[in-house]
>>> print(open('target22.txt').read())   # compact mmCIF, N, CA and C atoms and all ligand atoms
# COMPACT_ATOMS: atom_id res chain seq x y z
N MET T 1 -50.91 -14.84 62.14
CA MET T 1 -51.44 -14.16 60.97
C MET T 1 -50.87 -14.82 59.72
N ASN T 2 -51.75 -14.96 58.81
CA ASN T 2 -51.32 -15.57 57.54
C ASN T 2 -50.60 -14.53 56.69
N PRO T 3 -49.32 -14.75 56.44
CA PRO T 3 -48.58 -13.72 55.68
C PRO T 3 -49.10 -13.56 54.26
N ALA T 4 -49.79 -14.57 53.75
CA ALA T 4 -50.27 -14.45 52.38
C ALA T 4 -51.38 -13.42 52.27
N LYS T 5 -52.12 -13.21 53.37
CA LYS T 5 -53.23 -12.27 53.31
C LYS T 5 -52.83 -10.86 53.68
N GLU T 6 -51.66 -10.74 54.25
CA GLU T 6 -51.21 -9.40 54.61
C GLU T 6 -50.93 -8.59 53.34
N PRO T 7 -51.51 -7.43 53.30
CA PRO T 7 -51.24 -6.63 52.10
C PRO T 7 -49.75 -6.30 51.97
N GLN T 8 -49.35 -6.45 50.81
CA GLN T 8 -47.93 -6.18 50.53
C GLN T 8 -47.74 -4.67 50.42
N LYS T 9 -46.79 -4.23 51.13
CA LYS T 9 -46.46 -2.81 51.00
C LYS T 9 -45.52 -2.66 49.81
N GLU T 10 -45.93 -1.79 49.01
CA GLU T 10 -45.05 -1.55 47.86
C GLU T 10 -43.97 -0.56 48.25
N LEU T 11 -42.82 -0.92 47.92
CA LEU T 11 -41.70 -0.03 48.18
C LEU T 11 -41.73 1.09 47.13
N PRO T 12 -41.41 2.24 47.59
CA PRO T 12 -41.36 3.33 46.59
C PRO T 12 -40.33 2.98 45.50
N LYS T 13 -40.80 3.15 44.31
CA LYS T 13 -39.91 2.84 43.18
C LYS T 13 -39.02 4.03 42.88
N GLU T 14 -37.81 3.69 42.60
CA GLU T 14 -36.91 4.74 42.14
C GLU T 14 -37.26 5.04 40.69
N PRO T 15 -37.21 6.26 40.38
CA PRO T 15 -37.49 6.56 38.97
C PRO T 15 -36.49 5.82 38.06
N ALA T 16 -37.06 5.27 37.02
CA ALA T 16 -36.20 4.52 36.09
C ALA T 16 -35.14 5.45 35.52
N LYS T 17 -33.96 4.95 35.59
CA LYS T 17 -32.87 5.77 35.05
C LYS T 17 -32.78 5.53 33.55
N GLU T 18 -32.78 6.59 32.85
CA GLU T 18 -32.57 6.47 31.41
C GLU T 18 -31.08 6.33 31.15
N PRO T 19 -30.78 5.44 30.26
CA PRO T 19 -29.36 5.33 29.94
C PRO T 19 -28.84 6.64 29.36
N ALA T 20 -27.65 6.94 29.75
CA ALA T 20 -27.06 8.17 29.23
C ALA T 20 -27.06 8.13 27.70
N LYS T 21 -27.57 9.18 27.16
CA LYS T 21 -27.62 9.21 25.70
C LYS T 21 -26.25 9.58 25.14
N GLU T 22 -25.74 8.64 24.38
CA GLU T 22 -24.46 8.90 23.71
C GLU T 22 -24.77 9.19 22.25
N PRO T 23 -23.98 10.01 21.70
CA PRO T 23 -24.18 10.26 20.26
C PRO T 23 -23.94 8.96 19.50
N PRO T 24 -24.68 8.76 18.39
CA PRO T 24 -24.47 7.54 17.62
C PRO T 24 -23.02 7.44 17.17
N ARG T 25 -22.53 6.23 17.32
CA ARG T 25 -21.13 6.03 16.92
C ARG T 25 -21.04 5.84 15.41
N PRO T 26 -20.07 6.46 14.83
CA PRO T 26 -19.89 6.23 13.40
C PRO T 26 -19.49 4.79 13.15
N ARG T 27 -19.97 4.23 12.06
CA ARG T 27 -19.59 2.87 11.71
C ARG T 27 -19.24 2.82 10.23
N THR T 28 -18.44 1.85 9.91
CA THR T 28 -17.97 1.72 8.54
C THR T 28 -19.03 1.03 7.70
N CYS T 29 -19.27 1.57 6.54
CA CYS T 29 -20.24 0.99 5.61
C CYS T 29 -19.75 -0.38 5.16
N THR T 30 -20.65 -1.34 5.15
CA THR T 30 -20.28 -2.69 4.72
C THR T 30 -20.82 -3.01 3.32
N ASP T 31 -21.42 -2.03 2.69
CA ASP T 31 -21.98 -2.26 1.35
C ASP T 31 -21.01 -1.92 0.22
N CYS T 32 -19.82 -1.43 0.59
CA CYS T 32 -18.90 -0.98 -0.45
C CYS T 32 -17.46 -1.19 0.01
N VAL T 33 -16.54 -0.85 -0.85
CA VAL T 33 -15.13 -0.81 -0.48
C VAL T 33 -14.64 0.60 -0.77
N GLY T 34 -14.35 1.31 0.26
CA GLY T 34 -13.84 2.67 0.10
C GLY T 34 -14.86 3.63 -0.51
N GLY T 35 -16.15 3.29 -0.40
CA GLY T 35 -17.20 4.14 -0.97
C GLY T 35 -17.53 3.78 -2.41
N PHE T 36 -16.79 2.82 -2.97
CA PHE T 36 -16.97 2.44 -4.38
C PHE T 36 -17.71 1.13 -4.52
N MET T 37 -18.57 1.06 -5.51
CA MET T 37 -19.25 -0.17 -5.89
C MET T 37 -18.38 -0.89 -6.93
N PRO T 38 -18.68 -2.16 -7.23
CA PRO T 38 -17.80 -2.92 -8.13
C PRO T 38 -17.51 -2.25 -9.47
N ALA T 39 -18.48 -1.63 -10.11
CA ALA T 39 -18.22 -1.01 -11.42
C ALA T 39 -17.15 0.07 -11.31
N ARG T 40 -17.24 0.88 -10.27
CA ARG T 40 -16.25 1.95 -10.10
C ARG T 40 -14.89 1.38 -9.76
N ARG T 41 -14.88 0.28 -9.03
CA ARG T 41 -13.60 -0.34 -8.69
C ARG T 41 -12.95 -0.91 -9.95
N TYR T 42 -13.76 -1.47 -10.86
CA TYR T 42 -13.20 -1.95 -12.14
C TYR T 42 -12.63 -0.78 -12.92
N LEU T 43 -13.38 0.31 -12.98
CA LEU T 43 -12.88 1.48 -13.70
C LEU T 43 -11.58 1.97 -13.08
N ASN T 44 -11.54 2.05 -11.76
CA ASN T 44 -10.33 2.53 -11.08
C ASN T 44 -9.14 1.62 -11.40
N ALA T 45 -9.39 0.32 -11.47
CA ALA T 45 -8.30 -0.62 -11.80
C ALA T 45 -7.83 -0.39 -13.24
N CYS T 46 -8.78 -0.20 -14.16
CA CYS T 46 -8.41 0.04 -15.56
C CYS T 46 -7.63 1.35 -15.69
N VAL T 47 -8.06 2.36 -14.95
CA VAL T 47 -7.36 3.65 -14.99
C VAL T 47 -5.94 3.48 -14.44
N GLN T 48 -5.80 2.65 -13.43
CA GLN T 48 -4.47 2.43 -12.85
C GLN T 48 -3.54 1.79 -13.89
N ILE T 49 -4.07 0.85 -14.66
CA ILE T 49 -3.27 0.23 -15.73
C ILE T 49 -2.85 1.30 -16.74
N LEU T 50 -3.79 2.12 -17.13
CA LEU T 50 -3.50 3.20 -18.08
C LEU T 50 -2.46 4.16 -17.51
N PHE T 51 -2.61 4.49 -16.25
CA PHE T 51 -1.69 5.42 -15.59
C PHE T 51 -0.28 4.84 -15.52
N ILE T 52 -0.17 3.57 -15.18
CA ILE T 52 1.16 2.93 -15.10
C ILE T 52 1.81 2.92 -16.48
N ALA T 53 1.03 2.56 -17.50
CA ALA T 53 1.58 2.52 -18.86
C ALA T 53 2.01 3.92 -19.30
N GLY T 54 1.21 4.92 -18.96
CA GLY T 54 1.56 6.30 -19.32
C GLY T 54 2.79 6.78 -18.58
N SER T 55 2.91 6.42 -17.30
CA SER T 55 4.08 6.81 -16.51
C SER T 55 5.34 6.16 -17.06
N ASP T 56 5.23 4.89 -17.45
CA ASP T 56 6.38 4.20 -18.04
C ASP T 56 6.82 4.91 -19.32
N ALA T 57 5.87 5.30 -20.14
CA ALA T 57 6.20 5.97 -21.40
C ALA T 57 6.83 7.33 -21.13
N LEU T 58 6.30 8.04 -20.14
CA LEU T 58 6.83 9.36 -19.80
C LEU T 58 8.27 9.26 -19.32
N ASP T 59 8.55 8.30 -18.47
CA ASP T 59 9.88 8.14 -17.89
C ASP T 59 10.83 7.42 -18.83
N GLY T 60 10.30 6.84 -19.91
CA GLY T 60 11.15 6.10 -20.83
C GLY T 60 11.69 4.81 -20.23
N ARG T 61 11.02 4.35 -19.21
CA ARG T 61 11.45 3.11 -18.58
C ARG T 61 11.04 1.91 -19.42
N ARG T 62 11.61 0.79 -19.06
CA ARG T 62 11.13 -0.42 -19.70
C ARG T 62 9.71 -0.67 -19.20
N ARG T 63 9.02 -1.50 -19.91
CA ARG T 63 7.65 -1.80 -19.55
C ARG T 63 7.60 -2.36 -18.12
N HIS T 64 6.65 -1.88 -17.35
CA HIS T 64 6.50 -2.31 -15.96
C HIS T 64 6.27 -3.83 -15.92
N PRO T 65 6.92 -4.54 -14.96
CA PRO T 65 6.75 -5.99 -14.86
C PRO T 65 5.29 -6.42 -14.68
N PHE T 66 4.50 -5.50 -14.19
CA PHE T 66 3.07 -5.74 -14.03
C PHE T 66 2.46 -6.20 -15.36
N PHE T 67 2.97 -5.65 -16.47
CA PHE T 67 2.41 -6.01 -17.77
C PHE T 67 2.87 -7.39 -18.24
N ASP T 68 3.98 -7.87 -17.67
CA ASP T 68 4.38 -9.25 -17.98
C ASP T 68 3.31 -10.21 -17.45
N PHE T 69 2.86 -9.91 -16.26
CA PHE T 69 1.81 -10.75 -15.66
C PHE T 69 0.50 -10.61 -16.43
N LEU T 70 0.08 -9.37 -16.64
CA LEU T 70 -1.17 -9.13 -17.37
C LEU T 70 -1.09 -9.63 -18.81
N GLY T 71 0.12 -9.60 -19.37
CA GLY T 71 0.32 -10.03 -20.74
C GLY T 71 -0.03 -11.49 -20.98
N GLN T 72 -0.19 -12.23 -19.90
CA GLN T 72 -0.58 -13.63 -20.04
C GLN T 72 -2.03 -13.76 -20.50
N VAL T 73 -2.82 -12.72 -20.26
CA VAL T 73 -4.24 -12.79 -20.64
C VAL T 73 -4.67 -11.63 -21.55
N ILE T 74 -3.89 -10.55 -21.57
CA ILE T 74 -4.23 -9.41 -22.42
C ILE T 74 -2.99 -9.08 -23.26
N ALA T 75 -3.19 -8.87 -24.54
CA ALA T 75 -2.06 -8.61 -25.42
C ALA T 75 -1.58 -7.17 -25.29
N PHE T 76 -0.44 -7.00 -24.60
CA PHE T 76 0.21 -5.69 -24.51
C PHE T 76 1.45 -5.72 -25.39
N PRO T 77 1.89 -4.55 -25.89
CA PRO T 77 3.15 -4.52 -26.64
C PRO T 77 4.31 -4.94 -25.72
N ASP T 78 5.39 -5.36 -26.33
CA ASP T 78 6.53 -5.84 -25.55
C ASP T 78 7.24 -4.71 -24.80
N GLY T 79 7.29 -3.54 -25.38
CA GLY T 79 8.00 -2.42 -24.75
C GLY T 79 7.03 -1.42 -24.15
N PRO T 80 7.62 -0.34 -23.61
CA PRO T 80 6.74 0.70 -23.05
C PRO T 80 5.98 1.42 -24.16
N ALA T 81 4.94 2.13 -23.74
CA ALA T 81 4.15 2.92 -24.70
C ALA T 81 4.97 4.13 -25.16
N ASP T 82 4.41 4.87 -26.09
CA ASP T 82 5.12 6.04 -26.61
C ASP T 82 4.43 7.33 -26.15
N GLN T 83 4.90 8.44 -26.70
CA GLN T 83 4.42 9.77 -26.28
C GLN T 83 2.91 9.93 -26.45
N ASP T 84 2.32 9.23 -27.41
CA ASP T 84 0.87 9.35 -27.60
C ASP T 84 0.11 8.97 -26.34
N LEU T 85 0.57 7.94 -25.65
CA LEU T 85 -0.11 7.54 -24.42
C LEU T 85 0.13 8.56 -23.31
N VAL T 86 1.32 9.13 -23.28
CA VAL T 86 1.60 10.20 -22.30
C VAL T 86 0.62 11.35 -22.52
N ASP T 87 0.44 11.72 -23.78
CA ASP T 87 -0.47 12.82 -24.10
C ASP T 87 -1.91 12.48 -23.72
N LEU T 88 -2.29 11.22 -23.97
CA LEU T 88 -3.66 10.81 -23.63
C LEU T 88 -3.88 10.87 -22.12
N VAL T 89 -2.97 10.30 -21.35
CA VAL T 89 -3.10 10.30 -19.89
C VAL T 89 -3.09 11.74 -19.37
N ASP T 90 -2.22 12.55 -19.95
CA ASP T 90 -2.15 13.95 -19.54
C ASP T 90 -3.48 14.66 -19.83
N GLY T 91 -4.02 14.40 -21.02
CA GLY T 91 -5.29 15.03 -21.38
C GLY T 91 -6.44 14.55 -20.52
N LEU T 92 -6.43 13.28 -20.19
CA LEU T 92 -7.51 12.74 -19.34
C LEU T 92 -7.42 13.25 -17.91
N SER T 93 -6.22 13.56 -17.47
CA SER T 93 -6.08 13.99 -16.07
C SER T 93 -6.36 15.48 -15.90
N ASP T 94 -6.55 16.17 -17.02
CA ASP T 94 -6.86 17.60 -16.96
C ASP T 94 -8.37 17.77 -16.92
N GLU T 95 -8.84 18.32 -15.83
CA GLU T 95 -10.29 18.50 -15.71
C GLU T 95 -10.73 19.90 -16.11
N GLY T 96 -9.92 20.56 -16.88
CA GLY T 96 -10.32 21.87 -17.37
C GLY T 96 -10.51 22.90 -16.28
N GLY T 97 -9.43 23.41 -15.78
CA GLY T 97 -9.51 24.47 -14.78
C GLY T 97 -9.51 23.97 -13.36
N THR T 98 -9.59 22.66 -13.17
CA THR T 98 -9.55 22.13 -11.82
C THR T 98 -8.10 22.13 -11.34
N PRO T 99 -7.81 22.81 -10.25
CA PRO T 99 -6.43 22.83 -9.77
C PRO T 99 -5.95 21.42 -9.45
N ALA T 100 -4.71 21.16 -9.72
CA ALA T 100 -4.15 19.84 -9.44
C ALA T 100 -4.35 19.49 -7.97
N GLY T 101 -4.83 18.31 -7.74
CA GLY T 101 -4.99 17.85 -6.36
C GLY T 101 -6.33 18.20 -5.76
N ALA T 102 -7.07 19.10 -6.38
CA ALA T 102 -8.34 19.51 -5.78
C ALA T 102 -9.35 18.37 -5.76
N GLU T 103 -9.28 17.47 -6.69
CA GLU T 103 -10.22 16.36 -6.69
C GLU T 103 -9.50 15.03 -6.51
N GLY T 104 -8.44 15.07 -5.81
CA GLY T 104 -7.72 13.83 -5.52
C GLY T 104 -6.58 13.60 -6.47
N THR T 105 -6.24 12.38 -6.59
CA THR T 105 -5.07 12.03 -7.38
C THR T 105 -5.33 12.15 -8.87
N VAL T 106 -4.27 12.04 -9.62
CA VAL T 106 -4.39 12.08 -11.07
C VAL T 106 -5.31 10.95 -11.54
N ARG T 107 -5.16 9.78 -10.94
CA ARG T 107 -6.01 8.65 -11.34
C ARG T 107 -7.48 8.94 -11.09
N THR T 108 -7.77 9.61 -9.98
CA THR T 108 -9.16 9.97 -9.70
C THR T 108 -9.68 10.93 -10.75
N ARG T 109 -8.84 11.88 -11.13
CA ARG T 109 -9.28 12.85 -12.15
C ARG T 109 -9.51 12.17 -13.49
N ILE T 110 -8.66 11.19 -13.82
CA ILE T 110 -8.85 10.45 -15.07
C ILE T 110 -10.18 9.69 -15.04
N ALA T 111 -10.44 8.99 -13.95
CA ALA T 111 -11.68 8.23 -13.83
C ALA T 111 -12.89 9.17 -13.93
N ARG T 112 -12.81 10.30 -13.27
CA ARG T 112 -13.91 11.25 -13.30
C ARG T 112 -14.16 11.78 -14.72
N LYS T 113 -13.07 12.02 -15.44
CA LYS T 113 -13.23 12.54 -16.80
C LYS T 113 -13.83 11.48 -17.71
N ILE T 114 -13.42 10.24 -17.54
CA ILE T 114 -14.01 9.15 -18.34
C ILE T 114 -15.51 9.04 -18.06
N ILE T 115 -15.88 9.07 -16.80
CA ILE T 115 -17.29 8.96 -16.41
C ILE T 115 -18.09 10.14 -17.00
N ARG T 116 -17.50 11.32 -16.87
CA ARG T 116 -18.17 12.52 -17.39
C ARG T 116 -18.32 12.43 -18.91
N SER T 117 -17.31 11.89 -19.60
CA SER T 117 -17.39 11.80 -21.07
C SER T 117 -18.47 10.82 -21.50
N ALA T 118 -18.84 9.91 -20.60
CA ALA T 118 -19.93 8.97 -20.88
C ALA T 118 -21.29 9.59 -20.54
N GLY T 119 -21.29 10.84 -20.12
CA GLY T 119 -22.53 11.53 -19.83
C GLY T 119 -23.10 11.23 -18.45
N MET T 120 -22.24 10.72 -17.56
CA MET T 120 -22.72 10.41 -16.22
C MET T 120 -22.04 11.30 -15.19
N ASP T 121 -22.63 11.31 -14.00
CA ASP T 121 -22.13 12.16 -12.92
C ASP T 121 -21.06 11.41 -12.13
N PRO T 122 -19.81 11.88 -12.15
CA PRO T 122 -18.75 11.16 -11.43
C PRO T 122 -18.92 11.18 -9.91
N ASP T 123 -19.77 12.05 -9.40
CA ASP T 123 -20.02 12.05 -7.96
C ASP T 123 -21.02 10.97 -7.56
N ARG T 124 -21.71 10.41 -8.56
CA ARG T 124 -22.73 9.42 -8.25
C ARG T 124 -22.45 8.06 -8.89
N TRP T 125 -21.95 8.07 -10.15
CA TRP T 125 -21.78 6.81 -10.86
C TRP T 125 -20.77 5.91 -10.14
N GLY T 126 -21.21 4.70 -9.82
CA GLY T 126 -20.32 3.73 -9.20
C GLY T 126 -20.04 3.98 -7.73
N MET T 127 -20.71 4.99 -7.18
CA MET T 127 -20.51 5.29 -5.76
C MET T 127 -21.56 4.54 -4.94
N CYS T 128 -21.23 4.25 -3.72
CA CYS T 128 -22.11 3.48 -2.84
C CYS T 128 -23.38 4.27 -2.52
N PRO T 129 -24.55 3.68 -2.79
CA PRO T 129 -25.79 4.39 -2.47
C PRO T 129 -26.08 4.42 -0.97
N THR T 130 -25.46 3.52 -0.21
CA THR T 130 -25.70 3.48 1.23
C THR T 130 -24.98 4.60 1.96
N CYS T 131 -23.70 4.76 1.67
CA CYS T 131 -22.91 5.77 2.39
C CYS T 131 -22.59 6.98 1.53
N GLY T 132 -23.01 6.94 0.27
CA GLY T 132 -22.73 8.07 -0.63
C GLY T 132 -21.24 8.26 -0.92
N GLY T 133 -20.50 7.18 -0.71
CA GLY T 133 -19.06 7.28 -0.96
C GLY T 133 -18.25 7.78 0.22
N ASN T 134 -18.96 8.05 1.32
CA ASN T 134 -18.27 8.57 2.51
C ASN T 134 -17.66 7.49 3.39
N VAL T 135 -18.03 6.24 3.14
CA VAL T 135 -17.53 5.06 3.86
C VAL T 135 -18.07 4.99 5.29
N VAL T 136 -18.16 6.12 5.98
CA VAL T 136 -18.58 6.14 7.36
C VAL T 136 -20.06 6.50 7.44
N LEU T 137 -20.78 5.76 8.29
CA LEU T 137 -22.21 6.02 8.49
C LEU T 137 -22.44 6.47 9.92
N GLY T 138 -23.41 7.35 10.12
CA GLY T 138 -23.79 7.78 11.45
C GLY T 138 -22.73 8.66 12.08
N GLY T 139 -23.01 9.01 13.36
CA GLY T 139 -22.06 9.86 14.08
C GLY T 139 -22.00 11.24 13.51
N LYS T 140 -21.06 11.94 14.00
CA LYS T 140 -20.91 13.31 13.51
C LYS T 140 -19.53 13.49 12.96
ZN ZN C 1 -20.78 2.41 1.34
>>> encode(input="target22.txt", output="structure tokens")
Amino acid sequence: MNPAKEPQKELPKEPAKEPAKEPPRPRTCTDCVGGFMPARRYLNACVQILFIAGSDALDGRRRHPFFDFLGQVIAFPDGPADQDLVDLVDGLSDEGGTPAGAEGTVRTRIARKIIRSAGMDPDRWGMCPTCGGNVVLGGK
């Protein structure tokens, strides 16, 4: 008998197994750094400079060495700032009734107040549109 003409018996197929469904794994957003876009990161850096200068003035310390380095490109006074800068930093860090720490660090509150004073929403301005500032995408 010619085996080519013999009808092939089909073996019963096992039902296709569906891969076990795993919940989507959270992944880190690659469109931002820490949920911030470049503009917000620049603002955060500027606020940090202001905060350091204000802290130096508050503590009466000598000017932070950081300003020696920055002083090569930006004209800073030779000594620490005075009480006026302490008052400014203090005023900027007060969000009017917001309990301390409720919105993060003092620097975060300062940045938020600056953004708000410019008429923009600090929850949106400079935040990553991909992850909404949450850094993590997907998952639960
Ligand atoms: Zn992002």
>>> atom_distance(input="target22.txt", atom1="CA of Thr28 (chain T)", atom2="atom C of Gly126 (chain T)")
16.6 Å
>>> select_by_dssp(input="target22.txt", residues="chain T", states="alpha helix (DSSP H)", output="VMD selection string")
chain T and resid 38 to 59 66 to 70 83 to 93 106 to 117
>>> residues_near_ligand(input="target22.txt", ligand="ligand ZN 1 (chain C)", cutoff="7 Å", atoms="only N, CA and C atoms and all ligand atoms", output="short mmCIF file (atom, residue, chain, number, x, y, z; two decimals) with N, CA and C atoms, keeping the file's coordinate frame")
data_model
loop_
_atom_site.label_atom_id
_atom_site.label_comp_id
_atom_site.auth_asym_id
_atom_site.auth_seq_id
_atom_site.Cartn_x
_atom_site.Cartn_y
_atom_site.Cartn_z
N THR T 28 -18.44 1.85 9.91
CA THR T 28 -17.97 1.72 8.54
C THR T 28 -19.03 1.03 7.70
N CYS T 29 -19.27 1.57 6.54
CA CYS T 29 -20.24 0.99 5.61
C CYS T 29 -19.75 -0.38 5.16
N THR T 30 -20.65 -1.34 5.15
CA THR T 30 -20.28 -2.69 4.72
C THR T 30 -20.82 -3.01 3.32
N ASP T 31 -21.42 -2.03 2.69
CA ASP T 31 -21.98 -2.26 1.35
C ASP T 31 -21.01 -1.92 0.22
N CYS T 32 -19.82 -1.43 0.59
CA CYS T 32 -18.90 -0.98 -0.45
C CYS T 32 -17.46 -1.19 0.01
N VAL T 33 -16.54 -0.85 -0.85
CA VAL T 33 -15.13 -0.81 -0.48
C VAL T 33 -14.64 0.60 -0.77
N GLY T 34 -14.35 1.31 0.26
CA GLY T 34 -13.84 2.67 0.10
C GLY T 34 -14.86 3.63 -0.51
N GLY T 35 -16.15 3.29 -0.40
CA GLY T 35 -17.20 4.14 -0.97
C GLY T 35 -17.53 3.78 -2.41
N PHE T 36 -16.79 2.82 -2.97
CA PHE T 36 -16.97 2.44 -4.38
C PHE T 36 -17.71 1.13 -4.52
N MET T 127 -20.71 4.99 -7.18
CA MET T 127 -20.51 5.29 -5.76
C MET T 127 -21.56 4.54 -4.94
N CYS T 128 -21.23 4.25 -3.72
CA CYS T 128 -22.11 3.48 -2.84
C CYS T 128 -23.38 4.27 -2.52
N PRO T 129 -24.55 3.68 -2.79
CA PRO T 129 -25.79 4.39 -2.47
C PRO T 129 -26.08 4.42 -0.97
N THR T 130 -25.46 3.52 -0.21
CA THR T 130 -25.70 3.48 1.23
C THR T 130 -24.98 4.60 1.96
N CYS T 131 -23.70 4.76 1.67
CA CYS T 131 -22.91 5.77 2.39
C CYS T 131 -22.59 6.98 1.53
N GLY T 132 -23.01 6.94 0.27
CA GLY T 132 -22.73 8.07 -0.63
C GLY T 132 -21.24 8.26 -0.92
N GLY T 133 -20.50 7.18 -0.71
CA GLY T 133 -19.06 7.28 -0.96
C GLY T 133 -18.25 7.78 0.22
N ASN T 134 -18.96 8.05 1.32
CA ASN T 134 -18.27 8.57 2.51
C ASN T 134 -17.66 7.49 3.39
N VAL T 135 -18.03 6.24 3.14
CA VAL T 135 -17.53 5.06 3.86
C VAL T 135 -18.07 4.99 5.29
N VAL T 136 -18.16 6.12 5.98
CA VAL T 136 -18.58 6.14 7.36
C VAL T 136 -20.06 6.50 7.44
#
>>> select_by_dssp(input="target22.txt", residues="chain T", states="strand (DSSP E or B)", output="list in words")
Arg27, Thr28, Val33, Phe36, Met127, Val136 and Leu137 of chain T
>>> closest_residue(input="target22.txt", among="T:Glu14, T:Val89, T:Gly71, T:Arg109", to="Phe51 (chain T)", atoms="only N, CA and C atoms")
T:Val89
>>> atom_distance(input="target22.txt", atom1="CA of Leu50 (chain T)", atom2="CA of Leu70 (chain T)")
12.6 Å
>>> closest_atom_pairs(input="target22.txt", of="region 18-49 of chain T", to="region 114-125 of chain T", cutoff="8 Å", atoms="only N, CA and C atoms", output="JSON lines")
{"residue": "T:Phe36", "atom": "CA", "partner": "T:Trp125", "partner_atom": "C", "distance": 7.7}
{"residue": "T:Met37", "atom": "N", "partner": "T:Trp125", "partner_atom": "C", "distance": 7.1}
{"residue": "T:Ala39", "atom": "C", "partner": "T:Trp125", "partner_atom": "C", "distance": 7.0}
{"residue": "T:Arg40", "atom": "CA", "partner": "T:Trp125", "partner_atom": "C", "distance": 6.0}
>>> atom_distance(input="target22.txt", atom1="CA of Gly91 (chain T)", atom2="atom C of Arg62 (chain T)")
21.8 Å
>>> closest_residue(input="target22.txt", among="T:Val73, T:Pro38, T:Arg107, T:Pro19", to="Ile52 (chain T)", atoms="only C-alpha atoms")
T:Arg107
